[in-house]
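Engineer: Got a file for you: my_file29.cif, mmCIF, C-alpha atoms.
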data_coords
loop_
_atom_site.label_atom_id
_atom_site.label_comp_id
_atom_site.auth_asym_id
_atom_site.auth_seq_id
_atom_site.Cartn_x
_atom_site.Cartn_y
_atom_site.Cartn_z
CA MET A 17 -10.69 -8.82 -21.28
CA THR A 18 -14.41 -8.02 -21.04
CA ASP A 19 -16.37 -8.15 -17.80
CA ASP A 20 -17.84 -11.47 -18.97
CA ASP A 21 -14.35 -12.87 -19.48
CA TRP A 22 -13.39 -11.97 -15.92
CA THR A 23 -16.67 -13.41 -14.60
CA GLN A 24 -15.96 -16.70 -16.36
CA ARG A 25 -12.61 -16.77 -14.57
CA GLY A 26 -14.39 -16.50 -11.23
CA ILE A 27 -13.77 -12.78 -10.69
CA ASP A 28 -16.56 -10.79 -9.01
CA VAL A 29 -16.89 -7.68 -11.17
CA ASN A 30 -19.92 -6.37 -9.26
CA THR A 31 -18.25 -5.83 -5.87
CA PRO A 32 -15.95 -2.80 -5.72
CA SER A 33 -12.34 -3.79 -5.11
CA VAL A 34 -10.02 -1.62 -3.01
CA ALA A 35 -7.19 -2.20 -5.52
CA ARG A 36 -9.35 -1.25 -8.50
CA LEU A 37 -10.74 1.82 -6.71
CA TYR A 38 -7.17 2.97 -6.14
CA ASP A 39 -6.39 2.29 -9.79
CA TYR A 40 -9.35 4.47 -10.79
CA TYR A 41 -8.23 7.33 -8.53
CA LEU A 42 -4.83 7.20 -10.23
CA GLY A 43 -6.45 7.37 -13.67
CA GLY A 44 -5.92 3.71 -14.50
CA LYS A 45 -8.15 1.52 -16.67
CA ASP A 46 -8.02 -1.77 -14.77
CA ASN A 47 -11.41 -1.33 -13.10
CA PHE A 48 -15.06 -2.19 -13.66
CA ALA A 49 -18.34 -0.26 -13.64
CA ALA A 50 -18.98 -1.11 -9.99
CA ASP A 51 -15.56 0.27 -9.04
CA ARG A 52 -16.09 3.47 -11.00
CA ALA A 53 -19.54 4.05 -9.53
CA ALA A 54 -18.27 3.56 -5.97
CA ALA A 55 -15.27 5.81 -6.59
CA GLU A 56 -17.45 8.59 -7.98
CA GLU A 57 -19.64 8.44 -4.86
CA ILE A 58 -16.59 9.23 -2.77
CA LEU A 59 -15.18 11.81 -5.18
CA THR A 60 -18.47 13.72 -5.06
CA VAL A 61 -17.84 14.70 -1.43
CA ALA A 62 -14.07 14.30 -1.38
CA PRO A 63 -12.54 15.17 -4.76
CA GLU A 64 -9.13 15.36 -3.07
CA VAL A 65 -9.07 11.55 -2.94
CA ARG A 66 -7.50 11.62 -6.41
CA LEU A 67 -4.80 13.91 -5.04
CA ALA A 68 -4.36 11.63 -2.03
CA ALA A 69 -3.76 8.64 -4.33
CA ARG A 70 -1.12 10.54 -6.30
CA GLU A 71 0.51 11.84 -3.12
CA ASN A 72 0.62 8.31 -1.72
CA ARG A 73 2.33 7.08 -4.87
CA ALA A 74 4.82 9.94 -4.77
CA CYS A 75 5.55 9.28 -1.10
CA LEU A 76 6.16 5.62 -1.89
CA PHE A 77 8.79 6.63 -4.43
CA ARG A 78 10.52 8.96 -1.98
CA THR A 79 10.55 6.48 0.87
CA VAL A 80 11.82 3.50 -1.13
CA GLY A 81 14.41 5.77 -2.71
CA PHE A 82 15.52 6.72 0.81
CA LEU A 83 15.73 3.06 1.83
CA ALA A 84 17.76 2.21 -1.26
CA ASP A 85 20.11 5.09 -0.48
CA THR A 86 20.64 3.68 3.01
CA GLY A 87 21.67 0.31 1.56
CA ILE A 88 18.42 -1.68 1.57
CA THR A 89 18.48 -4.05 -1.40
CA GLN A 90 15.43 -6.22 -0.74
CA PHE A 91 11.81 -5.19 -0.34
CA LEU A 92 8.58 -6.89 0.73
CA ASP A 93 5.62 -4.92 -0.65
CA ILE A 94 2.38 -6.23 0.87
CA GLY A 95 -0.85 -4.99 -0.67
CA ALA A 96 1.11 -3.88 -3.70
CA GLY A 97 -1.96 -3.16 -5.85
CA LEU A 98 -2.17 -2.97 -9.61
CA PRO A 99 1.10 -2.19 -11.40
CA THR A 100 1.45 1.35 -12.71
CA GLN A 101 4.24 3.55 -13.96
CA GLY A 102 7.16 3.74 -11.56
CA ASN A 103 6.86 0.55 -9.55
CA VAL A 104 9.02 -0.19 -6.51
CA HIS A 105 11.59 -2.26 -8.36
CA GLN A 106 12.00 0.44 -11.00
CA VAL A 107 12.62 3.11 -8.36
CA VAL A 108 15.13 1.14 -6.30
CA ARG A 109 17.04 -0.12 -9.33
CA LYS A 110 18.15 3.45 -10.02
CA VAL A 111 20.21 3.16 -6.84
CA ALA A 112 20.62 -0.61 -6.43
CA PRO A 113 20.39 -2.38 -9.82
CA GLY A 114 20.28 -5.86 -8.26
CA ALA A 115 17.64 -5.10 -5.63
CA ARG A 116 15.12 -7.87 -5.01
CA VAL A 117 11.40 -7.11 -4.64
CA ALA A 118 8.55 -9.40 -3.61
CA TYR A 119 5.09 -8.05 -4.42
CA VAL A 120 2.24 -9.56 -2.41
CA ASP A 121 -1.50 -9.08 -2.91
CA ASN A 122 -4.72 -11.04 -2.37
CA ASP A 123 -6.69 -9.59 -5.30
CA PRO A 124 -6.79 -12.11 -8.18
CA ILE A 125 -6.94 -9.37 -10.82
CA VAL A 126 -3.89 -7.70 -9.32
CA LEU A 127 -2.03 -10.98 -9.51
CA VAL A 128 -3.01 -11.59 -13.15
CA HIS A 129 -2.01 -8.10 -14.28
CA ALA A 130 1.14 -7.97 -12.17
CA ARG A 131 2.43 -11.27 -13.48
CA ALA A 132 1.74 -10.19 -17.05
CA LEU A 133 3.25 -6.72 -16.75
CA LEU A 134 6.16 -7.60 -14.49
CA GLY A 135 7.05 -10.86 -16.18
CA GLY A 136 9.95 -9.20 -17.95
CA ALA A 137 11.27 -7.48 -14.85
CA GLY A 138 13.87 -10.16 -14.24
CA ASP A 139 14.57 -12.77 -11.59
CA GLU A 140 14.89 -10.07 -8.95
CA VAL A 141 11.12 -9.49 -8.95
CA ILE A 142 8.36 -11.90 -7.93
CA VAL A 143 4.59 -11.58 -7.55
CA THR A 144 2.87 -13.91 -5.11
CA PRO A 145 -0.54 -14.21 -3.42
CA GLY A 146 -0.89 -13.37 0.24
CA ASP A 147 -3.34 -11.86 2.71
CA LEU A 148 -2.04 -9.28 5.17
CA ARG A 149 -4.51 -10.58 7.74
CA GLN A 150 -2.45 -13.79 7.78
CA PRO A 151 1.12 -12.50 8.14
CA GLU A 152 2.44 -15.88 9.28
CA GLU A 153 1.38 -17.40 5.96
CA ILE A 154 3.12 -14.63 4.03
CA LEU A 155 6.33 -15.16 5.97
CA LYS A 156 6.16 -18.94 5.42
CA ASN A 157 5.44 -18.58 1.70
CA PRO A 158 8.18 -20.66 -0.02
CA ALA A 159 8.45 -18.17 -2.88
CA ILE A 160 9.17 -15.32 -0.46
CA GLN A 161 11.51 -17.44 1.67
CA GLU A 162 13.50 -18.30 -1.44
CA HIS A 163 13.47 -14.78 -2.86
CA LEU A 164 14.36 -12.73 0.24
CA ASP A 165 17.16 -13.32 2.73
CA PHE A 166 15.70 -12.60 6.17
CA SER A 167 19.15 -12.64 7.72
CA LYS A 168 19.74 -9.28 6.02
CA PRO A 169 17.75 -6.03 6.33
CA VAL A 170 14.45 -5.84 4.49
CA GLY A 171 12.30 -2.87 3.54
CA LEU A 172 8.71 -3.74 4.55
CA LEU A 173 6.18 -1.66 2.63
CA LEU A 174 2.61 -1.28 3.93
CA MET A 175 1.36 1.60 1.84
CA ALA A 176 -2.34 2.49 2.10
CA ILE A 177 -3.20 -1.06 3.18
CA MET A 178 -3.47 -1.09 6.98
CA HIS A 179 -6.65 1.00 6.89
CA PHE A 180 -8.34 -2.02 5.34
CA ILE A 181 -7.52 -4.10 8.41
CA THR A 182 -10.28 -4.12 11.02
CA GLU A 183 -9.74 -4.09 14.77
CA ALA A 184 -11.08 -7.65 14.84
CA ASP A 185 -8.08 -8.65 12.71
CA ASP A 186 -5.76 -7.04 15.29
CA PRO A 187 -3.60 -4.66 13.21
CA ARG A 188 -0.98 -4.29 15.96
CA ARG A 189 -0.46 -8.06 16.06
CA ILE A 190 -0.11 -8.16 12.28
CA VAL A 191 2.60 -5.51 12.18
CA ALA A 192 4.34 -6.98 15.23
CA THR A 193 4.43 -10.42 13.59
CA LEU A 194 6.07 -8.98 10.50
CA ARG A 195 8.42 -6.82 12.59
CA ASP A 196 9.63 -9.78 14.64
CA ALA A 197 10.56 -11.65 11.46
CA LEU A 198 12.77 -8.79 10.26
CA PRO A 199 16.45 -8.53 11.24
CA SER A 200 18.03 -5.48 12.81
CA GLY A 201 18.50 -2.66 10.32
CA SER A 202 15.21 -3.35 8.53
CA TYR A 203 12.67 -0.61 7.84
CA LEU A 204 8.89 -0.27 7.93
CA VAL A 205 7.29 2.17 5.50
CA LEU A 206 3.61 2.72 6.28
CA SER A 207 0.93 5.11 5.09
CA HIS A 208 -2.54 5.10 6.61
CA GLY A 209 -5.77 7.04 6.18
CA THR A 210 -6.78 9.06 9.21
CA ARG A 211 -10.10 10.26 10.57
CA ASP A 212 -8.42 13.40 11.91
CA SER A 213 -9.33 15.39 8.80
CA ARG A 214 -12.35 15.90 6.52
CA ALA A 215 -15.28 14.45 8.47
CA ALA A 216 -17.56 14.40 5.39
CA ALA A 217 -15.00 12.43 3.40
CA VAL A 218 -14.50 10.02 6.30
CA ASP A 219 -18.22 9.33 6.58
CA LYS A 220 -18.80 8.80 2.86
CA GLY A 221 -15.63 6.77 2.36
CA THR A 222 -16.45 4.49 5.27
CA GLN A 223 -19.97 4.02 3.96
CA VAL A 224 -18.93 3.17 0.39
CA TYR A 225 -16.13 0.80 1.38
CA ARG A 226 -18.58 -1.28 3.40
CA ARG A 227 -19.76 -2.53 0.00
CA ALA A 228 -16.22 -3.18 -1.22
CA THR A 229 -13.92 -6.16 -0.80
CA SER A 230 -12.62 -4.68 2.46
CA PRO A 231 -14.08 -2.09 4.84
CA LEU A 232 -12.29 1.20 5.44
CA VAL A 233 -11.01 1.68 8.99
CA LEU A 234 -9.57 5.16 9.42
CA ARG A 235 -7.56 5.73 12.59
CA SER A 236 -6.29 8.66 14.63
CA ARG A 237 -2.67 9.78 14.57
CA PRO A 238 -1.91 8.12 17.97
CA GLU A 239 -3.47 4.86 16.78
CA ILE A 240 -1.36 4.89 13.61
CA GLN A 241 1.74 5.74 15.61
CA GLU A 242 1.16 2.60 17.69
CA LEU A 243 1.74 0.49 14.59
CA PHE A 244 5.38 1.63 14.66
CA ASP A 245 5.94 0.07 18.08
CA GLY A 246 9.42 -1.48 18.09
CA PHE A 247 10.72 0.81 15.35
CA GLU A 248 12.74 4.01 15.69
CA MET A 249 11.04 6.74 13.68
CA VAL A 250 13.05 8.37 10.91
CA ASP A 251 12.78 12.16 10.64
CA PRO A 252 10.36 13.84 10.12
CA GLY A 253 8.30 11.17 11.90
CA LEU A 254 4.63 10.48 11.20
CA VAL A 255 3.43 13.28 8.91
CA TRP A 256 0.99 14.04 6.11
CA LEU A 257 2.10 12.45 2.82
CA PRO A 258 3.54 15.58 1.15
CA GLU A 259 5.45 16.44 4.33
CA TRP A 260 7.62 13.32 4.25
CA ARG A 261 10.90 14.67 2.85
CA PRO A 262 9.42 16.51 -0.13
CA GLU A 263 11.65 16.92 -3.13
CA LYS A 264 13.26 20.30 -3.55
CA GLY A 265 11.01 22.60 -5.53
CA SER A 266 7.93 20.38 -5.16
CA VAL A 267 4.55 22.11 -4.92
CA THR A 268 1.98 21.28 -2.25
CA HIS A 269 -1.59 21.57 -3.50
CA GLY A 270 -3.32 23.22 -0.57
CA ALA A 271 -2.98 22.17 3.05
CA PRO A 272 -0.95 18.95 3.59
CA SER A 273 -3.99 17.45 5.36
CA ARG A 274 -5.75 17.34 1.96
CA SER A 275 -3.64 14.25 1.28
CA LEU A 276 -5.86 12.44 3.84
CA LEU A 277 -3.11 9.95 4.76
CA LEU A 278 -0.23 10.00 7.21
CA CYS A 279 3.08 8.39 6.35
CA GLY A 280 6.11 7.35 8.38
CA VAL A 281 9.29 5.33 8.17
CA GLY A 282 10.64 3.35 11.10
CA LYS A 283 13.91 1.47 11.55
CA LYS A 284 14.27 -1.71 13.57
CA ALA A 285 17.23 -1.38 15.93
#
Using structure tokens, write down the structure from this file.

Structural biologist:
Amino acid sequence: MTDDDWTQRGIDVNTPSVARLYDYYLGGKDNFAADRAAAEEILTVAPEVRLAARENRACLFRTVGFLADTGITQFLDIGAGLPTQGNVHQVVRKVAPGARVAYVDNDPIVLVHARALLGGAGDEVIVTPGDLRQPEEILKNPAIQEHLDFSKPVGLLLMAIMHFITEADDPRRIVATLRDALPSGSYLVLSHGTRDSRAAAVDKGTQVYRRATSPLVLRSRPEIQELFDGFEMVDPGLVWLPEWRPEKGSVTHGAPSRSLLLCGVGKKA
């Protein structure tokens, strides 16, 4: 589709979208001129953002693979973003062929592309709209209620999404609401940008994302750790992305802090 086609469908192509910015960092093509211009502003002072996006994707694969190995067969991926190679359902199916995955996002372009690209993924995969700032509505969503069995453990994925939740939206309440709906044995996988590294990148990123669909709210390590309240941390705890159980023989490109995000996995007792 052209930009005009998207505009006619009610899509704002002139406001940078957090999902499309991420797509651009990953080398995708589902973005517009406004997204590319905003991304390049950030990359000028923080070229490692591309690396951070790739590291976040790689960490997602490792963490969901770990959950599948532990017996988790259903996943709730909130803020799933635009589909790319190696999506959650493709990773977990290598271990659990019948695993069920619910992708949730509030970006209309994400929903259009996801439904088109994942339409052949089978009945075990659904794509549904939802806003993380309204966790109660996500949990009450009939499609999710029908697709996932909340009497059995669920893998809750919040990858690179909580740093788009402002303090006014009460991030701790949001995670606690989702946590309380999960049964014992469920897991939270969360990655989050931190202000503890690269001051120049933090300043420019925060500035640019003020013009995007969601502001960027980077937090300190202790503040991110608070989001795991009620979960028992899985080793190695809250660490830089490439430090979370790296694959044997993997190469770290520079200091782990260049990944800009911290990642952790917690289990609900």

Engineer: My list of candidates is A:Trp260, A:Tyr40, A:Phe166, A:Tyr119. Which is closest to A:Ser207 when distances are computed with all atoms listed in the file?

Structural biologist: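 Answer, going by the shortest atom-to-atom distance: A:Trp260.
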
Engineer: Rank A:Ser202, A:Thr193, A:Thr31, A:Ser236 by their smallest atom-to-atom distance to A:Thr86, using all atoms listed in the file, and report the top residue only.

Structural biologist: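 Using all atoms listed in the file, A:Thr86 sits closest to A:Ser202.
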
Engineer: Could you check which of A:Thr144, A:Leu206, A:Asp212, A:Phe247 is closest to A:Ala192, using only C-alpha atoms?

Structural biologist: A:Phe247

Engineer: Check which residues satisfy the PyMOL selection byres ((chain A and resi 91-108) around 7) in the file shown, then give them as a PyMOL selection string.

Structural biologist: chain A and resi 35+39+77+80-81+84+89-90+109-112+115-121+126+129-130+148+170-174+177

Engineer: What does the PyMOL selection byres ((chain A and resi 155) around 12) select in this file, as an MDAnalysis selection string?

Structural biologist: chainID A and resid 92 94 118 120 144:154 156:166 172 190 193:198

Engineer: Would you compute the distance between atom CA of A:Val233 and atom CA of A:Tyr41? Give it in Å to one decimal.

Structural biologist: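 Atom CA of A:Tyr41 lies 18.6 Å from atom CA of A:Val233.
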
Engineer: For the PyMOL selection byres ((chain A and resi 33) around 8), applied here, can you spell out every residue it catches as number ranges by chain?

Structural biologist: A: 31-32, 34-37, 51, 228-230

Engineer: Would you mind exporting C-alpha atoms of the selected residues as a short mmCIF file (atom, residue, chain, number, x, y, z; two decimals), in the coordinates of the input?

Structural biologist:
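Contents of the output file out.cif:
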data_model
loop_
_atom_site.label_atom_id
_atom_site.label_comp_id
_atom_site.auth_asym_id
_atom_site.auth_seq_id
_atom_site.Cartn_x
_atom_site.Cartn_y
_atom_site.Cartn_z
CA THR A 31 -18.25 -5.83 -5.87
CA PRO A 32 -15.95 -2.80 -5.72
CA VAL A 34 -10.02 -1.62 -3.01
CA ALA A 35 -7.19 -2.20 -5.52
CA ARG A 36 -9.35 -1.25 -8.50
CA LEU A 37 -10.74 1.82 -6.71
CA ASP A 51 -15.56 0.27 -9.04
CA ALA A 228 -16.22 -3.18 -1.22
CA THR A 229 -13.92 -6.16 -0.80
CA SER A 230 -12.62 -4.68 2.46
#

Engineer: What is the distance, in Å and to one decimal place, between atom CA of A:Glu242 and atom CA of A:Met175?

Structural biologist: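 Going from atom CA of A:Glu242 over to atom CA of A:Met175 covers 15.9 Å.
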
Engineer: Using all atoms listed in the file, which of the listed residues (A:Arg70, A:Lys168, A:Arg235, A:His208) sits closest to A:Glu183?

Structural biologist: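 Checking each of A:Arg70, A:Lys168, A:Arg235, A:His208 against A:Glu183, counting all atoms listed in the file, the winner is A:Arg235.
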
Engineer: Distance atom CA of A:Arg52-atom CA of A:Asp28, one decimal place?

Structural biologist: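 Taking atom CA of A:Arg52 and atom CA of A:Asp28, their separation equals 14.4 Å.
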
Engineer: With a distance cut-off of 10 Å and only C-alpha atoms, select the neighbouring residues of stretch 216-224 of chain A, excluding the residue or stretch itself and same-chain residues fewer than 6 positions from it, and output the selection as a PDB file with C-alpha atoms, in the frame of the given file.

Structural biologist:
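The resulting file, selection_27.pdb, is shown below:
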ATOM      1  CA  PRO A  32     -15.950  -2.800  -5.720  1.00  0.00           C
ATOM      2  CA  ALA A  53     -19.540   4.050  -9.530  1.00  0.00           C
ATOM      3  CA  ALA A  54     -18.270   3.560  -5.970  1.00  0.00           C
ATOM      4  CA  ALA A  55     -15.270   5.810  -6.590  1.00  0.00           C
ATOM      5  CA  GLU A  57     -19.640   8.440  -4.860  1.00  0.00           C
ATOM      6  CA  ILE A  58     -16.590   9.230  -2.770  1.00  0.00           C
ATOM      7  CA  LEU A  59     -15.180  11.810  -5.180  1.00  0.00           C
ATOM      8  CA  THR A  60     -18.470  13.720  -5.060  1.00  0.00           C
ATOM      9  CA  VAL A  61     -17.840  14.700  -1.430  1.00  0.00           C
ATOM     10  CA  ALA A  62     -14.070  14.300  -1.380  1.00  0.00           C
ATOM     11  CA  PRO A  63     -12.540  15.170  -4.760  1.00  0.00           C
ATOM     12  CA  GLU A  64      -9.130  15.360  -3.070  1.00  0.00           C
ATOM     13  CA  VAL A  65      -9.070  11.550  -2.940  1.00  0.00           C
ATOM     14  CA  GLY A 209      -5.770   7.040   6.180  1.00  0.00           C
ATOM     15  CA  THR A 210      -6.780   9.060   9.210  1.00  0.00           C
ATOM     16  CA  PRO A 231     -14.080  -2.090   4.840  1.00  0.00           C
ATOM     17  CA  LEU A 232     -12.290   1.200   5.440  1.00  0.00           C
ATOM     18  CA  VAL A 233     -11.010   1.680   8.990  1.00  0.00           C
ATOM     19  CA  LEU A 234      -9.570   5.160   9.420  1.00  0.00           C
ATOM     20  CA  LEU A 276      -5.860  12.440   3.840  1.00  0.00           C
TER      21      LEU A 276
END

Engineer: When you count all atoms listed in the file, which of these residues is closest to A:Val281: A:Glu71, A:Glu248, A:Asp139, A:Glu259?

Structural biologist: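 Smallest separation from A:Val281 among the options: A:Glu248.
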
Engineer: Using all atoms listed in the file, can you tell me which of A:Val29, A:Ala74, A:Lys264, A:Ser200 comes closest to A:Pro124?

Structural biologist: A:Val29

Engineer: Missing atoms in stretch 177-198 of chain A: fill them in up to N, CA, C and O atoms and send the result as a PDB file, in the coordinates of the input.

Structural biologist:
ATOM      1  N   ILE A 177      -2.599   0.269   3.053  1.00  0.00           N
ATOM      2  CA  ILE A 177      -3.200  -1.060   3.180  1.00  0.00           C
ATOM      3  C   ILE A 177      -3.726  -1.336   4.581  1.00  0.00           C
ATOM      4  O   ILE A 177      -4.746  -2.002   4.760  1.00  0.00           O
ATOM      5  N   MET A 178      -3.060  -0.781   5.614  1.00  0.00           N
ATOM      6  CA  MET A 178      -3.470  -1.090   6.980  1.00  0.00           C
ATOM      7  C   MET A 178      -4.849  -0.532   7.319  1.00  0.00           C
ATOM      8  O   MET A 178      -5.513  -1.032   8.229  1.00  0.00           O
ATOM      9  N   HIS A 179      -5.305   0.489   6.597  1.00  0.00           N
ATOM     10  CA  HIS A 179      -6.650   1.000   6.890  1.00  0.00           C
ATOM     11  C   HIS A 179      -7.745   0.121   6.289  1.00  0.00           C
ATOM     12  O   HIS A 179      -8.930   0.475   6.367  1.00  0.00           O
ATOM     13  N   PHE A 180      -7.366  -1.007   5.730  1.00  0.00           N
ATOM     14  CA  PHE A 180      -8.340  -2.020   5.340  1.00  0.00           C
ATOM     15  C   PHE A 180      -8.299  -3.226   6.279  1.00  0.00           C
ATOM     16  O   PHE A 180      -8.880  -4.274   5.989  1.00  0.00           O
ATOM     17  N   ILE A 181      -7.598  -3.064   7.385  1.00  0.00           N
ATOM     18  CA  ILE A 181      -7.520  -4.100   8.410  1.00  0.00           C
ATOM     19  C   ILE A 181      -8.382  -3.667   9.599  1.00  0.00           C
ATOM     20  O   ILE A 181      -8.173  -2.601  10.171  1.00  0.00           O
ATOM     21  N   THR A 182      -9.374  -4.479   9.936  1.00  0.00           N
ATOM     22  CA  THR A 182     -10.280  -4.120  11.020  1.00  0.00           C
ATOM     23  C   THR A 182      -9.639  -4.393  12.379  1.00  0.00           C
ATOM     24  O   THR A 182      -8.647  -5.121  12.488  1.00  0.00           O
ATOM     25  N   GLU A 183     -10.236  -3.835  13.421  1.00  0.00           N
ATOM     26  CA  GLU A 183      -9.740  -4.090  14.770  1.00  0.00           C
ATOM     27  C   GLU A 183      -9.871  -5.560  15.122  1.00  0.00           C
ATOM     28  O   GLU A 183      -9.058  -6.103  15.873  1.00  0.00           O
ATOM     29  N   ALA A 184     -10.905  -6.215  14.582  1.00  0.00           N
ATOM     30  CA  ALA A 184     -11.080  -7.650  14.840  1.00  0.00           C
ATOM     31  C   ALA A 184      -9.911  -8.462  14.319  1.00  0.00           C
ATOM     32  O   ALA A 184      -9.604  -9.545  14.848  1.00  0.00           O
ATOM     33  N   ASP A 185      -9.243  -7.950  13.272  1.00  0.00           N
ATOM     34  CA  ASP A 185      -8.080  -8.650  12.710  1.00  0.00           C
ATOM     35  C   ASP A 185      -6.788  -8.303  13.444  1.00  0.00           C
ATOM     36  O   ASP A 185      -5.737  -8.843  13.116  1.00  0.00           O
ATOM     37  N   ASP A 186      -6.883  -7.396  14.419  1.00  0.00           N
ATOM     38  CA  ASP A 186      -5.760  -7.040  15.290  1.00  0.00           C
ATOM     39  C   ASP A 186      -4.565  -6.494  14.498  1.00  0.00           C
ATOM     40  O   ASP A 186      -3.545  -7.175  14.315  1.00  0.00           O
ATOM     41  N   PRO A 187      -4.681  -5.241  14.024  1.00  0.00           N
ATOM     42  CA  PRO A 187      -3.600  -4.660  13.210  1.00  0.00           C
ATOM     43  C   PRO A 187      -2.257  -4.603  13.918  1.00  0.00           C
ATOM     44  O   PRO A 187      -1.205  -4.769  13.280  1.00  0.00           O
ATOM     45  N   ARG A 188      -2.248  -4.378  15.225  1.00  0.00           N
ATOM     46  CA  ARG A 188      -0.980  -4.290  15.960  1.00  0.00           C
ATOM     47  C   ARG A 188      -0.281  -5.643  15.969  1.00  0.00           C
ATOM     48  O   ARG A 188       0.949  -5.719  15.852  1.00  0.00           O
ATOM     49  N   ARG A 189      -1.043  -6.717  16.103  1.00  0.00           N
ATOM     50  CA  ARG A 189      -0.460  -8.060  16.060  1.00  0.00           C
ATOM     51  C   ARG A 189       0.131  -8.341  14.688  1.00  0.00           C
ATOM     52  O   ARG A 189       1.222  -8.927  14.567  1.00  0.00           O
ATOM     53  N   ILE A 190      -0.571  -7.921  13.646  1.00  0.00           N
ATOM     54  CA  ILE A 190      -0.110  -8.160  12.280  1.00  0.00           C
ATOM     55  C   ILE A 190       1.249  -7.506  12.046  1.00  0.00           C
ATOM     56  O   ILE A 190       2.196  -8.142  11.567  1.00  0.00           O
ATOM     57  N   VAL A 191       1.344  -6.213  12.394  1.00  0.00           N
ATOM     58  CA  VAL A 191       2.600  -5.510  12.180  1.00  0.00           C
ATOM     59  C   VAL A 191       3.699  -6.079  13.077  1.00  0.00           C
ATOM     60  O   VAL A 191       4.851  -6.233  12.650  1.00  0.00           O
ATOM     61  N   ALA A 192       3.352  -6.419  14.311  1.00  0.00           N
ATOM     62  CA  ALA A 192       4.340  -6.980  15.230  1.00  0.00           C
ATOM     63  C   ALA A 192       4.878  -8.312  14.729  1.00  0.00           C
ATOM     64  O   ALA A 192       6.073  -8.606  14.853  1.00  0.00           O
ATOM     65  N   THR A 193       4.009  -9.132  14.139  1.00  0.00           N
ATOM     66  CA  THR A 193       4.430 -10.420  13.590  1.00  0.00           C
ATOM     67  C   THR A 193       5.440 -10.217  12.472  1.00  0.00           C
ATOM     68  O   THR A 193       6.472 -10.906  12.406  1.00  0.00           O
ATOM     69  N   LEU A 194       5.153  -9.277  11.592  1.00  0.00           N
ATOM     70  CA  LEU A 194       6.070  -8.980  10.500  1.00  0.00           C
ATOM     71  C   LEU A 194       7.373  -8.373  11.033  1.00  0.00           C
ATOM     72  O   LEU A 194       8.465  -8.740  10.604  1.00  0.00           O
ATOM     73  N   ARG A 195       7.237  -7.463  11.992  1.00  0.00           N
ATOM     74  CA  ARG A 195       8.420  -6.820  12.590  1.00  0.00           C
ATOM     75  C   ARG A 195       9.363  -7.851  13.202  1.00  0.00           C
ATOM     76  O   ARG A 195      10.587  -7.797  13.009  1.00  0.00           O
ATOM     77  N   ASP A 196       8.800  -8.797  13.942  1.00  0.00           N
ATOM     78  CA  ASP A 196       9.630  -9.780  14.640  1.00  0.00           C
ATOM     79  C   ASP A 196      10.374 -10.699  13.689  1.00  0.00           C
ATOM     80  O   ASP A 196      11.373 -11.319  14.078  1.00  0.00           O
ATOM     81  N   ALA A 197       9.889 -10.798  12.449  1.00  0.00           N
ATOM     82  CA  ALA A 197      10.560 -11.650  11.460  1.00  0.00           C
ATOM     83  C   ALA A 197      11.691 -10.913  10.747  1.00  0.00           C
ATOM     84  O   ALA A 197      12.482 -11.540  10.035  1.00  0.00           O
ATOM     85  N   LEU A 198      11.769  -9.594  10.945  1.00  0.00           N
ATOM     86  CA  LEU A 198      12.770  -8.790  10.260  1.00  0.00           C
ATOM     87  C   LEU A 198      14.037  -8.678  11.106  1.00  0.00           C
ATOM     88  O   LEU A 198      13.961  -8.517  12.324  1.00  0.00           O
TER      89      LEU A 198
END
